[in-house]
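A.B. asks: Structure below; questions to follow.
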Amino acid sequence: MHLKRIVTIVLICALVVLMAGCDYVRAVPAAVLSWGSRGGTVSEVQRRLKQWGYYDGAVDGVFGAGTSKAVRDFQRKNGLTVDGVVGDSTAAALGIRLTGGTAGAPSRGGGSGGRDLELLARAVYAEARGEPYVGQVAVAAVILNRVESPKFPNTIAGVVYQPGAFTAVSDGQINLSHGEEARRAARDALNGWDPSYNALFYYNPATAIDPWIFSLPVHVTIGKHVFCK
Amino acid sequence: MNTKWIKYALPVLGALAVVGGLVNWGVNERQKQQDYKAYMDNLYSKSYYELVGHVQNIQTDLEKLTISGDPEQNLMLLSNVWRHADSAQQNLGQLPELGVPGSDMSKYLNQVSDFCQSLMGRLGRRQPIDVKNQDVLNSLLESCVQVVDSFSSGQPPQGEEALTTQIEAPYQSIQQTSIEYPHIIYDGPFSETRLTPDMTYFNEAEVDADTAQQRLSDFLGDGYTIERGLDTQGEIATWGFYAVPANGEGRLYASVSVAGGRVLTLLWEGTPPAAQMDEGQAYQAAIDLVAGKGMGSMIPQYRQLEEGMLLVTFAYRQGDVLCYADQIKVQVSMADLSLMGWEATNYYLHHHERDIPAPELTVEEAEAMLRRGLTVKDRQLALIPLDTGKEVLCYEFKVENGGQTYLVYINAATGHEEEIFKLIENEKGMLIIKDTSKSRL
C-alpha cells in the first residue's frame, strides 16, 4: 500500500517535471520521446507497442495519455524504469534507434535458385533423357510436387537423394552432365508448368517390379513413363 | 638338369604369382565392399537412432504441453516440438525404401511441425491455445506414443549376437507399422484443407475431343496443324494435342480440360527461337494475347527473359483488388511474338468472383504500420494467398531499403504484417523471392 502511494507520487512528480521540460524535449526530438512529442518516431513507438499488444489507440504520431500508459506497461513488463518516457533504453527494448540512420542495409546475395535448377536438370537428364519433352517436364514436376507434399522430404535435394527413390540416383547417373533440353525442362517445371497434374510417382511399366506401384490411379502416360498420385 | 628344372618351375611360379595377385585383389575388393556397406549401414543407423531420439523428445514435449498453462512456456515447448519434428522428418528421408508406412510417418511429422508452427504464430499474436487445438495436440500425442512403441520392436541384436547373426536393419520395422494418424485441420501449408483444391471449374459439363480440338484451334488462331496427343486422367482430366506451326519448326504440347473445354497448358518442344524482337514488344504482345482470351481484367505482374522467350505472369483484378491466387503464365516468342507457353491450371483451380470485404484501415493507417525509414514506391490492395491456403486482404507496399526492393503486405483489417517478398530485378527481368529454398514461382 505504502509502496504504491510512493510510486504514484513519484509518477506524478515525474509527469510534472516532464511537462515542464516539454520545450526541452521538443528541442531535441530525436533523443527522448514523452508526453506531447509528435512525429514519425512517435508513430514508430506506437506501432511497435500496438504490435506487441500494449497499445490499442491510433498510430497518429501524437504522444498522449494512451501512449504514455502503454509505454509504462511495456517498461514494467520488460524490467525497465517505469517513467513513461521513451529514452535510449526503452527505445532499444522496443527495437527502435532514436538517433542515427535506419536499419542497416542488408548484404546482397544470390538465391539458391541456380543450384536447384542445376540439380533438377541433372535429375531430369538421368531419369528421363530420350523421353518426349513433356515427359521430362513432368519428371521435374513430380520432384517439385514431392517437395510440396508432406509425405516426402521438403527440399529438392532431400527428394532427389532420398535413398531408393530414383533409380538413376542409386546407380550414379545423377552425376552425368545434363544437356540444354533437360535444363529447359527443369526451368519450365520451376516456372509452374506441370504436365503430370500433381503426380507424386512415375514408373516404367516394362521395368517396375514393385506390385504396389501398379495399384496407384494413373494420371497420364507420357512416353515410357506412367505418372500417378 | 638344373636348367630343365627351371624351365618347368618358371611357368608354375608365374601362375602362382598371378593367382596370388588375384586372391589378394579379391580380398581387398571384398574388404572395401564390406567397409562401404558398413559405412552405409552406420549412416542409416545414425539417421534411425536420431529419428527415434527426436520422436521421443516430441512425445515428452507434447506431454508437457498438456499440463503447461503459461504462454511463454507453451512457446518454448512448441518450438521444441517444431524443431524435433523437422529434424525427425529429415532423418526419416535419409532412410531407404520404407514404402507407404514411411511416407505416412513423414506426413505425420510434417504436420506436427507445421501445426506447432501455426500455434506459435497464434501465441505471437496473443491468442492462447484453444480447446480445439488442445484436442489436436492430444491426438498428435496419441500417435506419437504409437510411433515410439513401434520403434521398440525394431531393436537390433546386441553384443556378441550382433556380430554373429545377420543384422536386420532396425529401421525396417517402420515398414511393418500400421498407425492410424489423425486427420487434422489447421492453418498450415501441410494441412488437409490446403491439400484439397477447389475443383469447381473441373466439375463442369464434359466436352469431347473434337470440341476440345476446336476450342484449341480458336485459342491459337490460324496457322497451326493440330494433332491428337497425350490425354490425362485423374482429378484434372484433359484432352491432349500437339500444334505444329506453319513453318514446321518445333511444336506446342497443348492440354484442354475435359470438363469445360478450357485451354490449360501450352508447352513448347523444340529449340528456342532466335531473338529478333525487343523485350518491350514481347511484353506488349503478351498483354495483347491475354486480353484476347476473355479472362476478365488480367494485370501483368512479373517478367523474365529466357532463351528467346519472354515469360510474363498475370494476376486477376476484381474491382481495385489484385487476386494473386488467380494467376496465369504466358511465354511469348522473341522471334515472331507468337504464343509459346501458357499455364492457366492454377487460375482455374482458384478463380471465382469473391466477396471481398471493404478494408477497415485506410491506406495511410496501413502505411503507418510499416517500419520507419522505408521508401514506399507503390501501394495497392491485394488479396494474397497465405501458406495456410486462406486468402487475406492486404495493402501491398512496394518499398526500398538499402538498395533492395521488397513487397510488404499489411493486413487491411488488423494492421498485421502478413508477408514479405523480396523483388529481384536484373537484366533478365523481375521475379519475386519468397523463400530461397523454394524458388518455384
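Lettering and numbering for the C-alpha cells are positional, with chains as A, B, ... in the shown order, residues counted from 1 in each chain, and ligands counted from 1 in the shown order.
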Counting only C-alpha atoms, what is within 10 Å of A:Ala165, bar same-chain residues fewer than 3 positions away, as a list in words?
C.D. replies: Val159, Val160, Tyr161, Gln162, Ala168, Val169, Ser170 and Phe201 of chain A; Gly93, Pro96, Glu97 and Gly99 of chain B
A.B. asks: Any chance you could export the current selection's N, CA and C atoms as an mmCIF file, in the first residue's frame?
C.D. replies:
data_model
loop_
_atom_site.group_PDB
_atom_site.id
_atom_site.type_symbol
_atom_site.label_atom_id
_atom_site.label_comp_id
_atom_site.auth_asym_id
_atom_site.auth_seq_id
_atom_site.Cartn_x
_atom_site.Cartn_y
_atom_site.Cartn_z
ATOM 1 N N VAL A 159 14.519 -34.697 -51.730
ATOM 2 C CA VAL A 159 13.681 -35.576 -52.549
ATOM 3 C C VAL A 159 14.540 -36.353 -53.546
ATOM 4 N N VAL A 160 15.447 -35.652 -54.231
ATOM 5 C CA VAL A 160 16.259 -36.308 -55.268
ATOM 6 C C VAL A 160 17.125 -37.402 -54.655
ATOM 7 N N TYR A 161 17.737 -37.108 -53.505
ATOM 8 C CA TYR A 161 18.682 -38.059 -52.905
ATOM 9 C C TYR A 161 18.045 -38.976 -51.877
ATOM 10 N N GLN A 162 16.721 -38.976 -51.743
ATOM 11 C CA GLN A 162 16.077 -39.917 -50.810
ATOM 12 C C GLN A 162 16.450 -41.341 -51.243
ATOM 13 N N ALA A 168 17.992 -43.714 -61.108
ATOM 14 C CA ALA A 168 19.136 -43.051 -61.730
ATOM 15 C C ALA A 168 20.015 -42.349 -60.694
ATOM 16 N N VAL A 169 19.462 -42.140 -59.488
ATOM 17 C CA VAL A 169 20.287 -41.580 -58.413
ATOM 18 C C VAL A 169 21.066 -42.717 -57.756
ATOM 19 N N SER A 170 20.374 -43.861 -57.560
ATOM 20 C CA SER A 170 21.014 -45.013 -56.916
ATOM 21 C C SER A 170 22.207 -45.508 -57.722
ATOM 22 N N PHE A 201 4.277 -39.895 -58.276
ATOM 23 C CA PHE A 201 5.076 -41.075 -58.652
ATOM 24 C C PHE A 201 5.087 -41.208 -60.159
ATOM 25 N N GLY B 93 13.768 -39.132 -44.084
ATOM 26 C CA GLY B 93 14.016 -39.022 -45.523
ATOM 27 C C GLY B 93 15.362 -39.598 -45.938
ATOM 28 N N PRO B 96 16.390 -45.749 -46.340
ATOM 29 C CA PRO B 96 15.970 -46.299 -47.632
ATOM 30 C C PRO B 96 14.630 -47.015 -47.589
ATOM 31 N N GLU B 97 13.902 -46.848 -48.656
ATOM 32 C CA GLU B 97 12.722 -47.657 -49.026
ATOM 33 C C GLU B 97 11.831 -48.119 -47.874
ATOM 34 N N GLY B 99 8.463 -47.453 -47.981
ATOM 35 C CA GLY B 99 7.126 -47.646 -48.533
ATOM 36 C C GLY B 99 6.081 -46.728 -47.936
#
A.B. asks: Quick one: everything within 9 Å of B:Ala209, counting only C-alpha atoms, minus sequence neighbours fewer than 5 positions away in the same chain. Send it as a PyMOL selection string.
C.D. replies: chain B and resi 214+228+239-240+256+258
A.B. asks: Residues within 8 Å of B:Arg371, please, as a VMD selection string. Count only C-alpha atoms; anything in the same chain fewer than 3 positions from it doesn't count.
C.D. replies: (chain A and resid 44) or (chain B and resid 368 374)
A.B. asks: For the atom pair atom CA of B:Glu29 and atom CA of A:Asp171, what is the interatomic distance in Å to one decimal place?
C.D. replies: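 According to the coordinates, atom CA of B:Glu29 and atom CA of A:Asp171 are separated by 18.8 Å.
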A.B. asks: Please find the residues of chain A near chain B - the criterion being any atom within 8 Å, counting only C-alpha atoms - and write them as a PDB file with C-alpha atoms, in the first residue's frame.
C.D. replies:
ATOM      1  CA  GLY A  40       7.425   9.853 -37.147  1.00  0.00           C
ATOM      2  CA  THR A  41       9.358   8.339 -34.277  1.00  0.00           C
ATOM      3  CA  SER A  43       4.336   6.689 -34.731  1.00  0.00           C
ATOM      4  CA  GLU A  44       7.071   4.086 -34.755  1.00  0.00           C
ATOM      5  CA  ARG A  47       3.233   0.919 -33.987  1.00  0.00           C
ATOM      6  CA  GLN A  51       2.107  -4.907 -32.485  1.00  0.00           C
ATOM      7  CA  TRP A  52       3.145  -6.250 -29.103  1.00  0.00           C
ATOM      8  CA  GLY A  53      -0.297  -5.703 -27.649  1.00  0.00           C
ATOM      9  CA  VAL A  59      -0.992   5.256 -34.754  1.00  0.00           C
ATOM     10  CA  THR A 102      17.641   3.349 -40.206  1.00  0.00           C
ATOM     11  CA  ALA A 103      18.202  -0.364 -40.056  1.00  0.00           C
ATOM     12  CA  GLY A 104      21.467  -1.436 -41.609  1.00  0.00           C
ATOM     13  CA  ALA A 105      21.473  -2.102 -45.314  1.00  0.00           C
ATOM     14  CA  PRO A 106      21.163  -5.815 -45.927  1.00  0.00           C
ATOM     15  CA  GLY A 111      19.390 -17.119 -54.008  1.00  0.00           C
ATOM     16  CA  SER A 112      19.937 -20.836 -54.303  1.00  0.00           C
ATOM     17  CA  GLY A 113      17.732 -20.872 -57.411  1.00  0.00           C
ATOM     18  CA  TYR A 133       9.988 -33.085 -73.775  1.00  0.00           C
ATOM     19  CA  VAL A 134       6.608 -33.030 -71.980  1.00  0.00           C
ATOM     20  CA  SER A 149       3.879 -32.937 -50.283  1.00  0.00           C
ATOM     21  CA  PRO A 150       4.168 -33.722 -46.552  1.00  0.00           C
ATOM     22  CA  LYS A 151       4.843 -37.377 -47.427  1.00  0.00           C
ATOM     23  CA  PHE A 152       8.287 -36.628 -48.840  1.00  0.00           C
ATOM     24  CA  PRO A 153      11.332 -34.574 -47.825  1.00  0.00           C
ATOM     25  CA  THR A 155      13.798 -29.778 -50.244  1.00  0.00           C
ATOM     26  CA  GLY A 158      16.140 -34.192 -49.995  1.00  0.00           C
ATOM     27  CA  VAL A 159      13.681 -35.576 -52.549  1.00  0.00           C
ATOM     28  CA  GLN A 162      16.077 -39.917 -50.810  1.00  0.00           C
ATOM     29  CA  PRO A 163      17.545 -43.457 -50.748  1.00  0.00           C
ATOM     30  CA  GLY A 164      15.823 -45.743 -53.216  1.00  0.00           C
ATOM     31  CA  ALA A 165      13.515 -43.042 -54.564  1.00  0.00           C
ATOM     32  CA  LEU A 190      10.207 -24.457 -61.706  1.00  0.00           C
ATOM     33  CA  ASN A 191       8.185 -21.792 -63.513  1.00  0.00           C
ATOM     34  CA  GLY A 192       4.998 -23.707 -62.712  1.00  0.00           C
ATOM     35  CA  TRP A 193       4.287 -25.976 -65.682  1.00  0.00           C
ATOM     36  CA  PRO A 195       2.065 -31.854 -67.322  1.00  0.00           C
ATOM     37  CA  SER A 196       1.794 -34.618 -64.684  1.00  0.00           C
ATOM     38  CA  TYR A 197      -1.061 -32.737 -62.975  1.00  0.00           C
ATOM     39  CA  PRO A 217      -4.502 -44.465 -60.080  1.00  0.00           C
ATOM     40  CA  VAL A 218      -2.888 -43.423 -63.371  1.00  0.00           C
ATOM     41  CA  HIS A 219      -2.932 -39.723 -64.309  1.00  0.00           C
ATOM     42  CA  VAL A 220      -1.157 -39.780 -67.633  1.00  0.00           C
ATOM     43  CA  THR A 221       1.203 -41.888 -69.695  1.00  0.00           C
ATOM     44  CA  ILE A 222       3.958 -39.903 -71.384  1.00  0.00           C
TER      45      ILE A 222
END
A.B. asks: Give me, please, the distance in Å between atom CA of B:Val147 and atom CA of B:Asp130, quoted to one decimal.
C.D. replies: 25.8 Å
A.B. asks: Give me, as a ChimeraX atom specification, the residues of stretch 50-170 of chain A that a backbone DSSP run labels helix (DSSP H, G or I).
C.D. replies: /A:50-51,65-77,88-94,113-128,133-148,156-160,167-170
A.B. asks: Take atom CA of A:Ala93 and atom CA of B:Leu65 and report the distance between them in Å, one decimal.
C.D. replies: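 Atom CA of B:Leu65 lies at a distance of 29.1 Å from atom CA of A:Ala93.
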A.B. asks: I want to know what sits within 12 Å of B:Pro357, based on only C-alpha atoms, with residues of the same chain fewer than 3 positions away left out; could you give that as a PyMOL selection string?
C.D. replies: chain B and resi 318-319+321+354+360-361+381-383+391-394+412-413
A.B. asks: When you look at B:Thr177 with a cut-off of 8 Å (counting only C-alpha atoms), what residues show up, excluding the ones that are within fewer than 3 positions of it in the same chain? I need them as a ChimeraX atom specification.
C.D. replies: /B:101,150,173-174
A.B. asks: Just want the 9 Å neighbourhood of B:Glu396, counted on only C-alpha atoms, with same-chain residues fewer than 2 positions away dropped. Output as a list in words.
C.D. replies: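 Close residues of B:Glu396: Asp378, Arg379, Gln380, Leu381, Ala382, Cys394, Lys398, Leu407, Val408, Tyr409, Ile410 and Asn411 of chain B.
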